[in-house]
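With compact mmCIF, C-alpha atoms and all ligand atoms inside, this is query-v9.txt:
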# COMPACT_ATOMS: atom_id res chain seq x y z
CA MET N 9 106.40 83.21 130.61
CA GLU N 10 103.46 81.23 131.95
CA ILE N 11 102.71 81.59 135.62
CA ASN N 12 99.85 79.59 137.02
CA LEU N 13 99.11 80.31 140.65
CA MET N 14 95.89 80.19 142.64
CA THR N 15 95.78 83.80 143.74
CA LYS N 16 94.39 84.07 147.28
CA VAL N 17 92.33 87.11 148.17
CA TRP N 18 92.22 88.17 151.81
CA SER N 19 89.77 90.92 152.77
CA VAL N 20 90.79 93.14 155.63
CA ASP N 21 88.29 95.56 157.03
CA ASN N 22 90.26 98.45 158.40
CA SER N 23 87.34 100.87 158.34
CA VAL N 24 86.88 100.31 162.05
CA GLU N 25 89.86 101.80 163.79
CA LYS N 26 92.59 99.19 163.89
CA THR N 27 96.11 99.63 165.08
CA VAL N 28 99.09 98.03 163.36
CA GLU N 29 99.51 95.89 166.48
CA LYS N 30 95.94 94.53 166.24
CA LEU N 31 96.22 93.93 162.51
CA ARG N 32 99.39 91.88 162.99
CA SER N 33 97.41 89.20 164.76
CA CYS N 34 94.66 88.98 162.07
CA THR N 35 94.77 85.63 160.25
CA GLN N 36 94.82 87.36 156.85
CA ILE N 37 97.96 89.32 157.74
CA VAL N 38 99.61 86.32 159.41
CA ASP N 39 98.91 84.16 156.32
CA ALA N 40 100.11 86.77 153.85
CA ALA N 41 103.23 87.54 155.89
CA SER N 42 104.19 83.88 156.12
CA LEU N 43 103.90 83.56 152.34
CA LEU N 44 106.22 86.55 152.01
CA ARG N 45 108.71 84.94 154.37
CA GLU N 46 108.60 81.77 152.25
CA GLY N 47 109.63 83.81 149.21
CA ALA N 48 106.23 84.30 147.54
CA VAL N 49 104.87 87.50 146.02
CA VAL N 50 101.88 89.19 147.68
CA ALA N 51 100.04 92.41 146.78
CA PHE N 52 98.92 94.78 149.54
CA PRO N 53 97.49 98.29 149.85
CA THR N 54 99.60 101.32 150.70
CA GLU N 55 98.38 104.91 151.04
CA THR N 56 99.47 105.63 147.43
CA VAL N 57 98.72 102.59 145.24
CA TYR N 58 98.73 98.81 145.75
CA GLY N 59 102.23 97.35 145.95
CA LEU N 60 103.51 93.95 144.82
CA GLY N 61 105.73 92.75 147.65
CA ALA N 62 108.55 90.27 148.07
CA ASN N 63 111.41 89.81 150.55
CA ALA N 64 113.91 92.54 149.59
CA LEU N 65 116.83 90.49 150.90
CA SER N 66 116.21 87.56 148.53
CA ASP N 67 117.00 87.68 144.81
CA GLU N 68 114.95 84.55 144.28
CA ALA N 69 111.84 86.18 145.78
CA VAL N 70 112.36 89.50 144.00
CA GLU N 71 112.80 87.74 140.65
CA LYS N 72 109.14 86.68 140.96
CA ILE N 73 108.03 90.33 141.05
CA PHE N 74 109.70 91.01 137.71
CA GLN N 75 108.14 87.86 136.24
CA ALA N 76 104.64 88.64 137.51
CA LYS N 77 104.76 92.24 136.26
CA GLY N 78 106.66 91.64 133.05
CA ARG N 79 108.91 94.45 134.23
CA PRO N 80 112.29 95.18 132.63
CA SER N 81 115.00 94.23 135.13
CA ASP N 82 116.91 97.51 134.71
CA ASN N 83 114.22 99.43 136.62
CA PRO N 84 114.98 99.34 140.38
CA LEU N 85 112.31 98.67 143.02
CA ILE N 86 111.41 100.58 146.17
CA VAL N 87 112.09 98.88 149.52
CA HIS N 88 109.38 99.31 152.16
CA ILE N 89 110.09 99.23 155.88
CA GLY N 90 107.56 98.89 158.69
CA ALA N 91 109.64 100.51 161.42
CA ILE N 92 112.71 102.73 161.53
CA GLU N 93 114.72 99.84 163.06
CA GLN N 94 114.57 98.06 159.68
CA LEU N 95 116.43 100.89 157.94
CA SER N 96 119.93 99.72 158.86
CA ALA N 97 119.34 96.41 157.06
CA VAL N 98 119.03 98.23 153.74
CA ALA N 99 120.90 101.58 153.97
CA VAL N 100 124.46 102.14 155.23
CA GLU N 101 124.00 105.79 156.19
CA VAL N 102 121.48 108.60 156.02
CA PRO N 103 122.60 112.15 155.11
CA GLU N 104 121.28 114.90 157.39
CA LYS N 105 118.67 116.11 154.89
CA GLY N 106 117.43 112.55 154.52
CA LYS N 107 116.92 112.33 158.28
CA LYS N 108 114.94 115.56 158.28
CA LEU N 109 112.73 114.31 155.46
CA MET N 110 112.06 111.01 157.27
CA LYS N 111 111.16 112.85 160.43
CA ALA N 112 108.77 115.16 158.58
CA PHE N 113 107.15 112.75 156.10
CA TRP N 114 107.45 109.12 157.31
CA PRO N 115 105.33 107.15 157.39
CA GLY N 116 104.17 108.69 154.10
CA PRO N 117 104.41 108.89 150.31
CA LEU N 118 108.12 109.75 150.11
CA THR N 119 110.85 107.41 148.82
CA ILE N 120 114.39 108.39 149.77
CA ILE N 121 117.39 107.21 147.72
CA LEU N 122 120.24 106.14 150.04
CA PRO N 123 123.54 104.23 149.77
CA LYS N 124 122.63 100.55 150.04
CA THR N 125 123.93 97.70 152.18
CA ASP N 126 125.17 94.39 150.75
CA ARG N 127 122.13 92.66 152.20
CA VAL N 128 119.74 94.20 149.66
CA ALA N 129 119.10 91.68 146.87
CA PRO N 130 120.99 92.85 143.74
CA LEU N 131 117.84 92.57 141.61
CA VAL N 132 116.08 95.19 143.78
CA THR N 133 118.50 97.94 142.83
CA ALA N 134 119.18 96.80 139.26
CA GLY N 135 122.90 96.83 140.02
CA LEU N 136 122.96 100.40 141.42
CA ASP N 137 124.79 101.06 144.69
CA SER N 138 121.83 103.05 146.00
CA VAL N 139 118.43 101.93 147.20
CA GLY N 140 115.05 103.69 147.36
CA VAL N 141 113.40 103.29 150.79
CA ARG N 142 110.05 104.33 152.17
CA MET N 143 107.80 103.70 155.15
CA PRO N 144 104.20 103.60 153.87
CA ASP N 145 101.42 105.32 155.80
CA HIS N 146 98.91 102.47 155.75
CA PRO N 147 98.13 100.20 158.72
CA ILE N 148 97.84 97.05 156.56
CA ALA N 149 101.15 97.73 154.80
CA LEU N 150 102.93 98.42 158.09
CA ALA N 151 101.39 95.34 159.71
CA ILE N 152 102.36 92.94 156.94
CA ILE N 153 105.93 94.28 156.72
CA GLU N 154 106.41 94.07 160.48
CA GLU N 155 104.86 90.62 160.62
CA ALA N 156 107.03 89.39 157.72
CA GLY N 157 110.04 90.65 159.67
CA VAL N 158 112.01 91.60 156.55
CA PRO N 159 112.12 94.74 154.40
CA ILE N 160 109.74 94.34 151.46
CA ALA N 161 110.56 95.33 147.88
CA ALA N 162 107.36 96.49 146.21
CA PRO N 163 106.70 98.19 142.91
CA SER N 164 103.14 99.13 141.99
CA ALA N 165 101.05 95.96 141.57
CA ASN N 166 100.18 96.37 137.90
CA ARG N 167 101.43 94.68 134.75
CA SER N 168 104.32 96.78 133.46
CA GLY N 169 103.08 99.80 131.49
CA ARG N 170 99.50 99.72 132.81
CA PRO N 171 98.01 102.35 135.15
CA SER N 172 98.91 101.63 138.78
CA PRO N 173 96.22 99.86 140.82
CA THR N 174 94.25 101.78 143.43
CA THR N 175 91.91 98.88 144.32
CA ALA N 176 92.34 95.12 144.81
CA ALA N 177 90.11 94.58 141.76
CA HIS N 178 92.65 96.49 139.63
CA VAL N 179 95.41 94.22 140.95
CA LEU N 180 93.43 91.08 140.12
CA SER N 181 92.55 92.34 136.67
CA ASP N 182 96.30 92.54 135.91
CA LEU N 183 97.81 89.78 138.05
CA ASP N 184 95.25 87.08 138.89
CA GLY N 185 97.03 83.75 138.59
CA ARG N 186 100.44 85.43 138.54
CA VAL N 187 100.86 86.18 142.27
CA ALA N 188 100.33 84.18 145.47
CA GLY N 189 97.83 86.57 147.00
CA VAL N 190 96.23 89.99 147.34
CA LEU N 191 95.30 91.71 150.59
CA ASP N 192 92.17 93.73 149.90
CA GLY N 193 92.07 96.81 152.10
CA GLY N 194 89.75 98.94 149.94
CA ALA N 195 90.65 101.88 147.71
CA THR N 196 93.93 103.70 148.35
CA GLY N 197 93.91 107.34 149.44
CA VAL N 198 96.63 109.33 147.66
CA GLY N 199 96.16 107.66 144.30
CA VAL N 200 99.53 108.49 142.71
CA GLU N 201 102.84 106.92 143.75
CA SER N 202 105.32 108.27 146.25
CA THR N 203 107.70 111.10 145.46
CA VAL N 204 111.23 109.77 144.83
CA ILE N 205 114.06 112.02 146.07
CA ASP N 206 117.80 111.38 145.89
CA VAL N 207 119.56 112.71 149.01
CA THR N 208 122.97 111.24 148.09
CA VAL N 209 123.51 114.52 146.19
CA ASP N 210 123.24 118.09 147.47
CA PRO N 211 120.92 119.80 146.75
CA PRO N 212 118.74 116.69 146.74
CA ILE N 213 117.00 115.97 143.46
CA VAL N 214 113.43 114.83 142.85
CA LEU N 215 113.50 111.86 140.47
CA ARG N 216 109.73 111.33 140.40
CA PRO N 217 107.04 113.77 141.55
CA GLY N 218 104.43 112.15 143.80
CA GLY N 219 102.39 112.35 146.97
CA ILE N 220 104.74 114.76 148.80
CA THR N 221 105.17 118.01 146.90
CA ARG N 222 108.39 119.89 146.20
CA GLU N 223 106.98 122.80 148.19
CA GLN N 224 106.43 120.58 151.25
CA MET N 225 110.01 119.29 151.12
CA GLU N 226 111.57 122.69 150.54
CA ALA N 227 109.86 123.93 153.69
CA VAL N 228 111.89 121.31 155.60
CA ILE N 229 115.29 121.08 153.86
CA GLY N 230 115.54 124.16 151.64
CA SER N 231 116.16 124.11 147.92
CA VAL N 232 115.39 120.90 146.02
CA ASP N 233 116.20 120.28 142.34
CA LEU N 234 113.91 118.64 139.81
CA ASP N 235 115.03 116.00 137.38
CA PRO N 236 114.82 117.65 133.94
CA SER N 237 112.97 114.67 132.44
CA PHE N 238 109.63 115.66 133.94
CA GLN N 239 109.87 119.40 133.52
CA VAL N 240 108.80 119.06 129.91
CA GLY N 241 105.82 121.23 129.13
CA ALA N 242 103.58 120.91 126.13
CA VAL N 243 105.38 120.30 122.85
CA GLU N 244 104.33 121.90 119.57
CA ILE N 245 104.87 118.85 117.41
CA PRO N 246 103.64 115.56 118.79
CA ARG N 247 106.23 112.86 119.04
CA ALA N 248 105.75 109.88 116.79
CA PRO N 249 103.41 107.50 118.62
CA GLY N 250 105.90 104.73 117.85
CA MET N 251 108.43 106.51 120.05
CA LYS N 252 106.15 106.47 123.04
CA TYR N 253 107.40 105.13 126.31
CA THR N 254 104.16 103.70 127.57
CA HIS N 255 103.70 103.92 131.30
CA TYR N 256 100.49 104.28 133.27
CA ALA N 257 98.82 104.00 129.89
CA PRO N 258 95.27 103.05 128.98
CA ARG N 259 94.92 100.68 126.00
CA GLY N 260 93.29 103.39 123.89
CA GLU N 261 95.37 106.18 122.33
CA LEU N 262 95.41 109.12 124.73
CA TRP N 263 96.05 112.69 123.54
CA LEU N 264 96.35 115.73 125.79
CA VAL N 265 95.39 119.18 124.57
CA THR N 266 96.65 122.27 126.33
CA GLY N 267 96.11 126.00 125.84
CA GLU N 268 93.33 128.54 126.17
CA ALA N 269 90.07 126.85 127.32
CA ALA N 270 87.82 127.66 124.34
CA LYS N 271 90.50 126.66 121.83
CA VAL N 272 91.21 123.45 123.72
CA ARG N 273 87.55 122.42 123.52
CA GLU N 274 87.39 123.27 119.82
CA LYS N 275 90.51 121.19 119.09
CA MET N 276 89.35 118.26 121.21
CA ALA N 277 85.97 118.22 119.43
CA GLU N 278 87.70 118.26 116.05
CA MET N 279 89.97 115.36 117.05
CA LEU N 280 87.02 113.35 118.33
CA ARG N 281 85.03 113.90 115.11
CA GLU N 282 87.97 112.70 113.06
CA ALA N 283 88.46 109.59 115.22
CA LYS N 284 84.77 108.78 114.97
CA ALA N 285 84.91 109.22 111.20
CA HIS N 286 87.58 106.49 111.29
CA GLY N 287 85.18 104.24 113.19
CA GLN N 288 86.85 104.52 116.59
CA LYS N 289 85.09 104.51 119.95
CA THR N 290 85.99 107.88 121.47
CA GLY N 291 86.49 109.12 125.01
CA VAL N 292 87.03 112.37 126.86
CA LEU N 293 89.06 112.69 130.04
CA ALA N 294 87.03 115.60 131.40
CA SER N 295 86.89 117.64 134.59
CA ASP N 296 83.82 118.17 136.78
CA GLU N 297 83.51 121.60 135.16
CA SER N 298 83.55 120.34 131.57
CA PHE N 299 81.68 117.05 132.12
CA SER N 300 78.18 118.18 131.09
CA PHE N 301 79.56 120.04 128.07
CA TRP N 302 81.17 116.83 126.77
CA THR N 303 78.29 114.50 127.54
CA ALA N 304 76.18 116.76 125.29
CA GLN N 305 78.57 116.28 122.33
CA PRO N 306 77.63 113.47 119.94
CA GLU N 307 81.29 112.86 118.99
CA ALA N 308 82.19 111.82 122.56
CA ASP N 309 81.17 108.22 123.30
CA VAL N 310 82.63 107.83 126.81
CA VAL N 311 82.98 110.88 129.05
CA LEU N 312 84.71 110.45 132.42
CA SER N 313 85.61 113.16 134.91
CA VAL N 314 88.80 112.95 136.99
CA GLY N 315 87.55 115.73 139.26
CA SER N 316 87.97 119.47 139.50
CA PRO N 317 91.19 121.43 138.83
CA THR N 318 90.40 123.18 142.11
CA ASP N 319 90.85 119.87 143.99
CA LEU N 320 94.02 118.21 142.71
CA GLU N 321 94.05 115.70 145.59
CA LYS N 322 90.81 114.24 144.30
CA VAL N 323 92.18 114.23 140.75
CA ALA N 324 95.26 112.27 141.90
CA GLN N 325 93.05 109.84 143.80
CA GLN N 326 90.81 109.10 140.80
CA LEU N 327 93.22 109.33 137.88
CA TYR N 328 94.29 105.68 137.50
CA ALA N 329 90.79 104.29 138.08
CA VAL N 330 89.49 106.57 135.32
CA LEU N 331 92.24 105.49 132.91
CA ARG N 332 91.32 101.87 133.62
CA GLU N 333 87.61 102.56 133.10
CA PHE N 334 88.31 103.78 129.56
CA ASP N 335 89.76 100.30 128.96
CA ASP N 336 86.80 98.54 130.56
CA ARG N 337 84.59 100.44 128.13
CA GLN N 338 86.77 99.59 125.13
CA THR N 339 87.59 103.22 124.38
CA GLN N 340 90.02 103.42 121.46
CA TYR N 341 90.78 107.14 121.18
CA ILE N 342 90.82 109.49 124.17
CA VAL N 343 91.37 113.23 124.40
CA GLY N 344 92.04 114.95 127.69
CA GLU N 345 92.47 118.32 129.32
CA THR N 346 95.58 119.25 131.29
CA PHE N 347 95.97 120.52 134.84
CA SER N 348 98.12 123.05 136.66
CA ARG N 349 101.53 121.76 137.81
CA ASP N 350 101.25 123.38 141.23
CA GLY N 351 101.56 121.15 144.28
CA LEU N 352 100.18 117.67 143.56
CA GLY N 353 99.51 118.87 140.00
CA MET N 354 103.14 118.12 139.16
CA ALA N 355 102.61 114.42 139.89
CA VAL N 356 99.23 114.38 138.14
CA MET N 357 100.64 115.99 134.97
CA ASN N 358 103.72 113.73 135.02
CA ARG N 359 101.50 110.61 135.04
CA LEU N 360 99.14 112.04 132.42
CA GLU N 361 102.02 112.91 130.09
CA LYS N 362 103.45 109.42 130.44
CA ALA N 363 100.04 107.86 129.91
CA ALA N 364 99.81 109.92 126.72
CA GLY N 365 103.27 108.71 125.67
CA GLY N 366 104.23 112.24 124.57
CA ARG N 367 101.05 112.85 122.53
CA ILE N 368 100.49 116.44 123.66
CA LEU N 369 99.09 119.20 121.47
CA SER N 370 99.43 122.87 122.27
CA VAL N 371 96.78 125.10 120.73
O1 LIG N 401 104.00 104.79 146.00
C1 LIG N 401 104.90 104.04 145.59
O2 LIG N 401 106.09 104.40 145.57
C2 LIG N 401 104.50 102.62 145.14
C3 LIG N 401 103.96 101.89 146.36
C4 LIG N 401 103.65 100.46 146.07
O3 LIG N 401 104.84 102.03 147.43
N1 LIG N 401 105.63 101.94 144.57
C5 LIG N 401 106.11 102.27 143.34
O4 LIG N 401 107.17 101.49 142.92
O5 LIG N 401 105.67 103.15 142.66
P1 LIG N 401 107.66 101.42 141.40
O6 LIG N 401 108.63 100.29 141.38
O7 LIG N 401 106.50 101.31 140.49
O8 LIG N 401 108.47 102.73 141.20
C6 LIG N 401 109.79 102.83 141.67
C7 LIG N 401 110.42 104.12 141.21
C8 LIG N 401 110.89 104.00 139.78
O9 LIG N 401 110.68 105.24 139.13
C9 LIG N 401 112.37 103.70 139.96
O10 LIG N 401 113.11 104.05 138.84
C10 LIG N 401 112.71 104.53 141.19
O11 LIG N 401 111.56 104.42 142.00
N2 LIG N 401 113.86 104.01 141.94
C11 LIG N 401 113.90 102.94 142.77
N3 LIG N 401 115.15 102.74 143.26
C12 LIG N 401 115.92 103.70 142.74
C13 LIG N 401 117.31 104.03 142.85
N4 LIG N 401 118.16 103.33 143.59
N5 LIG N 401 117.76 105.10 142.17
C14 LIG N 401 116.92 105.82 141.40
N6 LIG N 401 115.59 105.56 141.24
C15 LIG N 401 115.11 104.52 141.90
MG MG N 402 104.96 101.53 138.87

Translate the structure described by the file into structure tokens.
Amino acid sequence: MEINLMTKVWSVDNSVEKTVEKLRSCTQIVDAASLLREGAVVAFPTETVYGLGANALSDEAVEKIFQAKGRPSDNPLIVHIGAIEQLSAVAVEVPEKGKKLMKAFWPGPLTIILPKTDRVAPLVTAGLDSVGVRMPDHPIALAIIEEAGVPIAAPSANRSGRPSPTTAAHVLSDLDGRVAGVLDGGATGVGVESTVIDVTVDPPIVLRPGGITREQMEAVIGSVDLDPSFQVGAVEIPRAPGMKYTHYAPRGELWLVTGEAAKVREKMAEMLREAKAHGQKTGVLASDESFSFWTAQPEADVVLSVGSPTDLEKVAQQLYAVLREFDDRQTQYIVGETFSRDGLGMAVMNRLEKAAGGRILSV
């Protein structure tokens, strides 16, 4: 559907130390918050990725998020709170392990699934009787939520299927003219979305790996299960590209190659040569360590590094921006290396596998 809005852009400089209290009186925050209260959709930075916010208690407001993103309405949204006092508006009770997790990791990149109240707009939860809640660790996010005075439903501020936005420019490239405004607070820090954990079951189960690792949570509440859907390792036979569930995906066709380093390089080079022979513009999702090797190969047109496997935090931070840069440079066929699944690596590999839509080769 056609949406034709004048998207406002408010720049907020939070490089100088600003408290949530001070930010709440900035005109940009006051403006954006009043739009949210009126039922409009506004994008804002969080510590993970930019979110696309609307009043979580209003179906009419939340409907606009789905329209702007082109998101299927059976995928529930995360509700963001600015202070612990807002929790009772959205969740009826918090199991003991949930309380411990909040105490340890809020504000922070952890979304906790809880039994919902009747006040939460039905569209937010896609008809489920549970709701995902988090308190983001970003002064601008906290300020706008507090100033709006209502819990804010906010998925990542990208068009459905695209890599999540880690800058305001990414948001505008997907949603200019489709949302009321964007608060520009610079690049986000964590780079991948929050971890989603369901504490309505025991042991709690991780539904999406993210900024808080399984190891960190287990140190606080003991054993935590993983949803089987993201434990998939490399598959021998690539799934038919037509079967892909595109998510976080660049426009070009991304393939991941995993295995012993020398063999991986050999296979990637062979794939690139073949793609070039078919007239495609090729790309390599490289690491700092392999970057100069690939830039020296004539079959690789665009070589971008996501960082070093020894610094997975940096890889998480840069991943989506790199996927988007392949698009900006019209890359049609991309091959990439894989990373360890330890710590943040689990979130990184989960996003990479989704971006590749199951196109993973094991050599
Ligand atoms: O870091 C983040 O979490 C970002 C920023 C903006 O806060 N938000 C984000 O939202 O990633 P979104 O909508 O792109 O992802 C929401 C995830 C989806 O995987 C959804 O299925 C899951 O949370 N989710 C939400 N509510 C749920 C529920 N009640 N039960 C199970 N899964 C739920
Ligand atoms: Mg998303």

Residue neighbourhood region 55-57 of chain N, 6 Å, all atoms listed in the file, exclusion window fewer than 6 positions, as a PyMOL selection string: chain N and resi 145-146+173-174+196-201

Compute the set of protein, DNA and RNA residues whose minimum atom distance to ligand LIG 401 (chain N) is at most 8 Å, using all atoms listed in the file, and state it as JSON, numbers by chain. {"N": [53, 54, 55, 56, 57, 58, 59, 60, 83, 84, 85, 86, 87, 88, 117, 118, 119, 121, 122, 132, 133, 134, 136, 137, 138, 139, 140, 141, 142, 144, 162, 163, 164, 165, 172, 200, 201, 202, 203, 204, 206, 215, 216, 218, 219]}

Proximity to ligand MG 402 (chain N) - best of N:Leu234, N:Ile73, N:Val28, N:Met357, all atoms listed in the file: N:Ile73

So, with all atoms listed in the file as the atoms that count, which of N:Lys30, N:Lys108, N:His255, N:Lys72 lies closest to Ala364 (chain N)?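 Nearest candidate to Ala364 (chain N) out of N:Lys30, N:Lys108, N:His255, N:Lys72: N:His255.
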
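Near Val323 (chain N), within a cut-off of 9 Å and counting all atoms listed in the file, sit the residues N:Gly199, N:Ser295, N:Ser313, N:Val314, N:Gly315, N:Ser316, N:Pro317, N:Gly353, N:Val356, with same-chain residues fewer than 5 positions away left out.
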
Restricting the calculation to only C-alpha atoms, which member of N:Ser33, N:Thr27, N:Ser81, N:Ser348 is positioned closest to Glu155 (chain N)?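 Nearest candidate to Glu155 (chain N) out of N:Ser33, N:Thr27, N:Ser81, N:Ser348: N:Ser33.
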
Which residue is closest to Pro171 (chain N)? Choose from N:Asp335, N:Glu71, N:Glu345, N:Glu223 and count all atoms listed in the file.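 Closest candidate: N:Asp335.
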
For ligand MG 402 (chain N), which residue out of N:Val17, N:Val311, N:Ile213, N:Ala257 is the nearest one, using only C-alpha atoms and all ligand atoms? N:Ala257

Every residue with an atom at most 10 Å from (85.5, 96.6, 156.0) (file coordinates; all atoms listed in the file) is what I'm after, so could you write them as a PyMOL selection string? chain N and resi 19-24+192-194

Rank N:Ala277, N:Ile148, N:Ala76, N:Met110 by their smallest atom-to-atom distance to Thr303 (chain N), using all atoms listed in the file, and report the top residue only.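 The closest residue to Thr303 (chain N) is N:Ala277.
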
Once 6 Å is added on each side, what are the centre and the three edge lengths, in Å to one decimal, of the axis-aligned box enclosing the listed atoms of region 37-52 of chain N? Present them as JSON.
{"center_x": 103.8, "center_y": 88.3, "center_z": 152.7, "size_x": 23.7, "size_y": 25.0, "size_z": 25.4}

If we count only C-alpha atoms and set the cut-off at 9 Å, which residues sit around Ala41 (chain N), ignoring sequence neighbours fewer than 4 positions away in its own chain? Please answer as a ChimeraX atom specification. /N:36-37,45-46,50,151-157

The selected residues should be written to file as a CSV table (one decimal), in the coordinates of the input (atoms: C-alpha atoms).
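Contents of out-v6.csv, freshly written:
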chain,number,residue,atom,x,y,z
N,36,GLN,CA,94.8,87.4,156.8
N,37,ILE,CA,98.0,89.3,157.7
N,45,ARG,CA,108.7,84.9,154.4
N,46,GLU,CA,108.6,81.8,152.2
N,50,VAL,CA,101.9,89.2,147.7
N,151,ALA,CA,101.4,95.3,159.7
N,152,ILE,CA,102.4,92.9,156.9
N,153,ILE,CA,105.9,94.3,156.7
N,154,GLU,CA,106.4,94.1,160.5
N,155,GLU,CA,104.9,90.6,160.6
N,156,ALA,CA,107.0,89.4,157.7
N,157,GLY,CA,110.0,90.6,159.7
